[in-house]
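Worksheet for the structure shown next.
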Amino acid sequence: MNTDSLPNLGFDWAEVLTMIQTTGVDLGMRIITAIFIFFVGKWVVGLVVKGLLKGMQKSDMDVTLRRFIANLARMLLMLFVIIAAIHQLGIQTASLIALVGAAGLAVGLALQGSLSNFAAGVLIVLFRPYKVGDWIEGGGVSGTVEEVQILTTVLKTGDNKRVIIPNSQIMGTTITNYSANDTRRVDLVVGVSYSDDLDKVRSELKDLVAADDRILDDPAVTIAVSELADSSVNFVLRPWVKTENYWGVYFDLTEAIKKRFDEVGISIPFPQQDVYLHNVPTD
C-alpha cells in the first residue's frame with residue numbers, strides 16, 4: 001500500500017500498517033486454530049465417548065448407567081475442548097474459569113430446578129428404581145423407559161409418543177415399575193347368572209387355564225367366588241404369567257371365556273331392571 005498519500009501525523013505509516021497486518025494475520029491464525037481445535041476436539045470427544053460405551057458394554061454394565069456416564073463424560077470433555085479453544089484466542093483461561101465459577105454459582109441459584117433434576121438423575125442411576133426398557137408409571141405418565149439423561153427421563157408411551165419428564169418430578173412421585181419382576185398376576189372378574197351351576201363354571205375356567213401354556217403352574221391359579229352381586233355371581237380368576245405375556249394372556253383369556261360360556265350354555269348377565277305395570281281400576 002502507498003503511504004505517501006497518508007497525512008503526516010508524526011509516526012511511520014509503513015510501520016503502523018505492517019503492525020496491523022501482522023496483528024491481523026496473527027489474530028486470524030488464532031481464530032482458525034481455535035475453530036480447528038473445537039471441531040477436532042468435538043470429533044475426538046465423540047470417539048472417546050463411543051469407546052467408553054463399548055468398554056462399559058463389554059463389562060456388562062447396566063444400560064441405564066452406561067448412557068448416564070456417557071452423557072456426563074461428553075459434557076465434561078466438551079467443556080475442556082471449549083476452554084482450550086478459548087485459550088488459543090489469547091484469553092486467560094484462569095480468569096475465565098474463575099468467571100465461569102462465579103457465573104455458575106449465580107446460574108445455579110437461578111436454576112435450582114435443574115440442579116435438583118441432576119441430583120435426581122444421580123439417585124436414579126444409583127438406586128435404579130427403573131432402567132432402560134422397563135415399563136413404568138411415574139410423573140403422571142406411563143410408558144417404556146428409552147433413556148435416563150442427566151436432567152430428564154425419556155418415555156415412549158403405548159401409542160408411540162415420546163414423553164420427556166424431569167427427573168425430580170418423576171422421583172418426587174410414586175413410581176410403579178411393571179417390568180421389575182419376572183412374573184405378574186392377571187386379575188379377571190367373571191360374572192355368571194344365579195341360575196348357573198357354580199361347579200360347572202369353576203370346571204370350565206380350570207380347563208381354559210390348563211389349555212394355555214403361557215400360564216404358570218406355580219404360583220397356583222386362584223378361582224373362587226368373590227361376590228354375590230345384584231345381577232350376577234362373580235368369580236375371580238387369577239393366573240400367574242411371565243411379565244412379557246401379561247397382556248396377551250389377559251386379552252386371549254377374556255375372549256376364550258366368552259366363547260366357552262356360549263358353547264356350554266353358561267350365561268354372562270348384564271345389569272337389568274324389571275318393570276311391573278299394574279292396572280288401576282277407575283270409578
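So you can find residues: chains in the C-alpha cells are A, B, ... in the order shown, residues in each start at 1, and ligands are numbered from 1 in order.
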
Contacts of range 260-270 of chain A at 6 Å or less, counting only C-alpha atoms, minus same-chain residues fewer than 5 places along, as JSON, numbers by chain? {"A": [191, 192, 193]}

With only C-alpha atoms as the counted atoms, please give the residues lying no more than 8 Å from Gly139 in chain A, apart from itself and same-chain residues fewer than 2 positions off, as a list in words. Glu137, Val141, Ile165, Gln169, Ile170, Met171, Gly172, Thr173, Thr174 and Ile175 of chain A

Could the residues in this selection be saved with N, CA and C atoms as a tab-separated table (two decimals), in the first residue's frame?
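Ended up saving to result-v8.tsv:
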chain	number	residue	atom	x	y	z
A	137	GLU	N	-44.82	-46.41	35.44
A	137	GLU	CA	-45.78	-45.31	35.58
A	137	GLU	C	-45.22	-44.36	36.62
A	141	VAL	N	-47.36	-40.23	33.94
A	141	VAL	CA	-47.24	-40.80	32.59
A	141	VAL	C	-46.80	-42.26	32.72
A	165	ILE	N	-39.74	-36.34	30.91
A	165	ILE	CA	-40.15	-35.97	32.26
A	165	ILE	C	-38.92	-35.54	33.05
A	169	GLN	N	-39.22	-34.55	39.04
A	169	GLN	CA	-40.66	-34.76	39.05
A	169	GLN	C	-40.99	-36.25	39.16
A	170	ILE	N	-40.27	-37.06	38.42
A	170	ILE	CA	-40.56	-38.50	38.44
A	170	ILE	C	-40.11	-39.13	39.75
A	171	MET	N	-39.03	-38.59	40.36
A	171	MET	CA	-38.57	-39.12	41.64
A	171	MET	C	-39.40	-38.61	42.80
A	172	GLY	N	-40.14	-37.52	42.58
A	172	GLY	CA	-40.96	-36.96	43.64
A	172	GLY	C	-42.35	-37.56	43.72
A	173	THR	N	-42.64	-38.51	42.84
A	173	THR	CA	-43.95	-39.16	42.85
A	173	THR	C	-43.77	-40.67	43.02
A	174	THR	N	-44.90	-41.34	43.17
A	174	THR	CA	-44.86	-42.80	43.27
A	174	THR	C	-44.51	-43.41	41.91
A	175	ILE	N	-43.54	-44.30	41.90
A	175	ILE	CA	-43.11	-44.96	40.67
A	175	ILE	C	-43.60	-46.40	40.70

Just list the residues in range 138-240 of chain A DSSP gives strand (DSSP E) on the backbone, as an mmCIF file with C-alpha atoms, in the first residue's frame.
data_model
loop_
_atom_site.group_PDB
_atom_site.id
_atom_site.type_symbol
_atom_site.label_atom_id
_atom_site.label_comp_id
_atom_site.auth_asym_id
_atom_site.auth_seq_id
_atom_site.Cartn_x
_atom_site.Cartn_y
_atom_site.Cartn_z
ATOM 1 C CA GLY A 138 -44.444 -42.130 37.144
ATOM 2 C CA VAL A 141 -47.235 -40.799 32.590
ATOM 3 C CA SER A 142 -46.833 -44.492 31.771
ATOM 4 C CA GLY A 143 -44.548 -45.898 29.103
ATOM 5 C CA THR A 144 -41.334 -47.708 28.262
ATOM 6 C CA VAL A 145 -38.106 -46.100 29.506
ATOM 7 C CA GLU A 146 -35.994 -45.192 26.467
ATOM 8 C CA GLU A 147 -33.253 -43.191 28.144
ATOM 9 C CA VAL A 148 -32.235 -41.773 31.518
ATOM 10 C CA THR A 152 -34.662 -35.925 32.275
ATOM 11 C CA THR A 153 -36.121 -39.377 31.701
ATOM 12 C CA VAL A 154 -37.451 -40.195 28.234
ATOM 13 C CA LEU A 155 -40.510 -42.473 27.959
ATOM 14 C CA LYS A 156 -42.260 -43.963 24.938
ATOM 15 C CA ARG A 162 -42.162 -39.527 23.212
ATOM 16 C CA VAL A 163 -42.597 -38.012 26.677
ATOM 17 C CA ILE A 164 -39.739 -36.233 28.475
ATOM 18 C CA ILE A 165 -40.148 -35.966 32.262
ATOM 19 C CA PRO A 166 -37.827 -34.001 34.590
ATOM 20 C CA THR A 176 -44.817 -48.163 39.540
ATOM 21 C CA ASN A 177 -42.443 -50.475 37.695
ATOM 22 C CA THR A 183 -43.903 -62.698 36.746
ATOM 23 C CA ARG A 184 -47.234 -60.913 37.103
ATOM 24 C CA ARG A 185 -50.739 -61.934 38.122
ATOM 25 C CA LEU A 188 -60.075 -61.199 35.867
ATOM 26 C CA VAL A 189 -63.616 -60.949 37.236
ATOM 27 C CA VAL A 190 -66.168 -63.258 35.573
ATOM 28 C CA GLY A 191 -69.859 -62.804 36.301
ATOM 29 C CA VAL A 192 -72.378 -65.642 35.803
ATOM 30 C CA THR A 222 -56.915 -68.803 42.065
ATOM 31 C CA ILE A 223 -60.517 -69.490 41.015
ATOM 32 C CA ALA A 224 -63.080 -68.509 43.629
ATOM 33 C CA VAL A 225 -66.461 -66.866 44.153
ATOM 34 C CA SER A 226 -65.733 -63.312 45.252
ATOM 35 C CA GLU A 227 -69.119 -61.593 45.332
ATOM 36 C CA LEU A 228 -72.849 -62.146 45.206
ATOM 37 C CA VAL A 233 -72.345 -64.278 40.913
ATOM 38 C CA ASN A 234 -68.794 -63.012 40.417
ATOM 39 C CA PHE A 235 -65.779 -65.307 40.131
ATOM 40 C CA VAL A 236 -62.200 -64.090 40.406
ATOM 41 C CA LEU A 237 -59.739 -65.766 38.039
ATOM 42 C CA ARG A 238 -56.097 -65.010 38.895
ATOM 43 C CA TRP A 240 -49.738 -66.063 37.004
#

For each of A:Val201, A:His278, A:Ser168, A:Leu208, take the minimum atom-to-atom distance to Ser114 in chain A, counting only C-alpha atoms, then give the residue where this is smallest. A:Ser168

Excluding Ala210 in chain A and residues on its chain fewer than 6 positions from it, collect all residues at most 12 Å away from it, counting only C-alpha atoms, and give them as a list in words.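 With the cut-off at 12 Å, the set is Ser203, Glu204, Leu216, Asp217, Ala220, Val221, Pro239 and Leu253 of chain A.
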
Take the residues that were just selected and, keeping N, CA and C atoms, output them as a JSON list (two decimals), in the first residue's frame.
[["chain", "number", "residue", "atom", "x", "y", "z"],
["A", 203, "SER", "N", -65.19, -75.55, 36.75],
["A", 203, "SER", "CA", -64.55, -76.58, 35.94],
["A", 203, "SER", "C", -64.17, -76.03, 34.57],
["A", 204, "GLU", "N", -65.05, -75.27, 33.96],
["A", 204, "GLU", "CA", -64.75, -74.69, 32.64],
["A", 204, "GLU", "C", -63.59, -73.70, 32.72],
["A", 216, "LEU", "N", -48.53, -70.07, 34.22],
["A", 216, "LEU", "CA", -47.58, -70.82, 35.04],
["A", 216, "LEU", "C", -48.32, -71.73, 36.03],
["A", 217, "ASP", "N", -47.68, -72.86, 36.34],
["A", 217, "ASP", "CA", -48.23, -73.78, 37.33],
["A", 217, "ASP", "C", -47.96, -73.32, 38.76],
["A", 220, "ALA", "N", -50.00, -71.19, 42.02],
["A", 220, "ALA", "CA", -51.22, -71.82, 41.54],
["A", 220, "ALA", "C", -52.27, -70.76, 41.18],
["A", 221, "VAL", "N", -53.12, -71.13, 40.24],
["A", 221, "VAL", "CA", -54.20, -70.24, 39.82],
["A", 221, "VAL", "C", -55.28, -70.18, 40.89],
["A", 239, "PRO", "N", -54.63, -66.09, 37.26],
["A", 239, "PRO", "CA", -53.47, -66.88, 36.87],
["A", 239, "PRO", "C", -52.19, -66.04, 36.89],
["A", 253, "LEU", "N", -57.50, -64.76, 27.17],
["A", 253, "LEU", "CA", -58.32, -65.49, 28.15],
["A", 253, "LEU", "C", -59.71, -64.88, 28.27]]

If you count only C-alpha atoms, which residues fall within 7 Å of Gly121 in chain A, apart from same-chain ones fewer than 5 positions away, as a PyMOL selection string? chain A and resi 150-151+167

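Counting from CA of Tyr130 in chain A, the distance to CA of Leu115 in chain A is 20.7 Å.
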
Residues near range 82-89 of chain A, cut-off 8 Å, only C-alpha atoms, skip fewer than 5 positions along chain, as a PyMOL selection string: chain A and resi 27+30-31+33-35+37-38

List every residue of range 160-222 of chain A that DSSP, applied to the backbone of this structure, assigns to alpha helix (DSSP H), and report them as a VMD selection string. chain A and resid 167 to 171 198 to 211

Output file for the residues above (N, CA and C atoms, as a PDB file, in the first residue's frame):
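part.pdb, freshly written:
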ATOM      1  N   ASN A 167     -36.330 -35.349  35.932  1.00  0.00           N
ATOM      2  CA  ASN A 167     -36.000 -36.415  36.886  1.00  0.00           C
ATOM      3  C   ASN A 167     -36.553 -36.125  38.284  1.00  0.00           C
ATOM      4  N   SER A 168     -36.510 -34.852  38.699  1.00  0.00           N
ATOM      5  CA  SER A 168     -37.012 -34.522  40.035  1.00  0.00           C
ATOM      6  C   SER A 168     -38.511 -34.767  40.134  1.00  0.00           C
ATOM      7  N   GLN A 169     -39.219 -34.545  39.044  1.00  0.00           N
ATOM      8  CA  GLN A 169     -40.664 -34.764  39.054  1.00  0.00           C
ATOM      9  C   GLN A 169     -40.994 -36.247  39.158  1.00  0.00           C
ATOM     10  N   ILE A 170     -40.268 -37.064  38.421  1.00  0.00           N
ATOM     11  CA  ILE A 170     -40.563 -38.497  38.438  1.00  0.00           C
ATOM     12  C   ILE A 170     -40.106 -39.134  39.748  1.00  0.00           C
ATOM     13  N   MET A 171     -39.033 -38.594  40.359  1.00  0.00           N
ATOM     14  CA  MET A 171     -38.566 -39.118  41.635  1.00  0.00           C
ATOM     15  C   MET A 171     -39.398 -38.610  42.804  1.00  0.00           C
ATOM     16  N   LEU A 198     -72.403 -73.460  39.719  1.00  0.00           N
ATOM     17  CA  LEU A 198     -71.107 -72.871  40.056  1.00  0.00           C
ATOM     18  C   LEU A 198     -69.965 -73.874  39.874  1.00  0.00           C
ATOM     19  N   ASP A 199     -70.218 -75.148  40.167  1.00  0.00           N
ATOM     20  CA  ASP A 199     -69.172 -76.157  39.975  1.00  0.00           C
ATOM     21  C   ASP A 199     -68.815 -76.308  38.505  1.00  0.00           C
ATOM     22  N   LYS A 200     -69.814 -76.212  37.651  1.00  0.00           N
ATOM     23  CA  LYS A 200     -69.563 -76.288  36.209  1.00  0.00           C
ATOM     24  C   LYS A 200     -68.763 -75.085  35.740  1.00  0.00           C
ATOM     25  N   VAL A 201     -69.099 -73.913  36.260  1.00  0.00           N
ATOM     26  CA  VAL A 201     -68.354 -72.700  35.901  1.00  0.00           C
ATOM     27  C   VAL A 201     -66.897 -72.840  36.303  1.00  0.00           C
ATOM     28  N   ARG A 202     -66.670 -73.317  37.516  1.00  0.00           N
ATOM     29  CA  ARG A 202     -65.296 -73.484  38.001  1.00  0.00           C
ATOM     30  C   ARG A 202     -64.533 -74.496  37.142  1.00  0.00           C
ATOM     31  N   SER A 203     -65.189 -75.553  36.755  1.00  0.00           N
ATOM     32  CA  SER A 203     -64.553 -76.583  35.940  1.00  0.00           C
ATOM     33  C   SER A 203     -64.166 -76.035  34.568  1.00  0.00           C
ATOM     34  N   GLU A 204     -65.053 -75.266  33.963  1.00  0.00           N
ATOM     35  CA  GLU A 204     -64.754 -74.692  32.641  1.00  0.00           C
ATOM     36  C   GLU A 204     -63.586 -73.704  32.722  1.00  0.00           C
ATOM     37  N   LEU A 205     -63.539 -72.912  33.776  1.00  0.00           N
ATOM     38  CA  LEU A 205     -62.439 -71.965  33.941  1.00  0.00           C
ATOM     39  C   LEU A 205     -61.113 -72.705  34.117  1.00  0.00           C
ATOM     40  N   LYS A 206     -61.133 -73.815  34.868  1.00  0.00           N
ATOM     41  CA  LYS A 206     -59.912 -74.612  35.051  1.00  0.00           C
ATOM     42  C   LYS A 206     -59.425 -75.177  33.718  1.00  0.00           C
ATOM     43  N   ASP A 207     -60.375 -75.635  32.887  1.00  0.00           N
ATOM     44  CA  ASP A 207     -59.997 -76.191  31.581  1.00  0.00           C
ATOM     45  C   ASP A 207     -59.357 -75.113  30.695  1.00  0.00           C
ATOM     46  N   LEU A 208     -59.909 -73.916  30.725  1.00  0.00           N
ATOM     47  CA  LEU A 208     -59.355 -72.826  29.907  1.00  0.00           C
ATOM     48  C   LEU A 208     -57.942 -72.470  30.367  1.00  0.00           C
ATOM     49  N   VAL A 209     -57.738 -72.450  31.668  1.00  0.00           N
ATOM     50  CA  VAL A 209     -56.413 -72.138  32.200  1.00  0.00           C
ATOM     51  C   VAL A 209     -55.412 -73.223  31.819  1.00  0.00           C
ATOM     52  N   ALA A 210     -55.826 -74.485  31.927  1.00  0.00           N
ATOM     53  CA  ALA A 210     -54.928 -75.593  31.615  1.00  0.00           C
ATOM     54  C   ALA A 210     -54.562 -75.628  30.137  1.00  0.00           C
ATOM     55  N   ALA A 211     -55.430 -75.089  29.279  1.00  0.00           N
ATOM     56  CA  ALA A 211     -55.184 -75.139  27.841  1.00  0.00           C
ATOM     57  C   ALA A 211     -54.196 -74.076  27.371  1.00  0.00           C
TER      58      ALA A 211
END

Residues near range 40-49 of chain A, anyone? I mean within 12 Å using only C-alpha atoms, not counting same-chain ones fewer than 4 positions away, as an MDAnalysis selection string. chainID A and resid 32:36 53:56 66:85

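CA of Ile215 in chain A to CA of Val186 in chain A spans 9.6 Å [interatomic distance, one decimal].
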
Computed interatomic separation between CA of Tyr250 in chain A and CA of Arg214 in chain A (Å):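 Taking CA of Tyr250 in chain A as the start and CA of Arg214 in chain A as the end point, the length is 10.9 Å.
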
Counting only C-alpha atoms, which residue out of A:Val125, A:Asp230, A:Tyr276, A:Asp212 sits closest to Asp252 in chain A?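 When distances to Asp252 in chain A are compared using only C-alpha atoms, the smallest one comes from A:Asp212.
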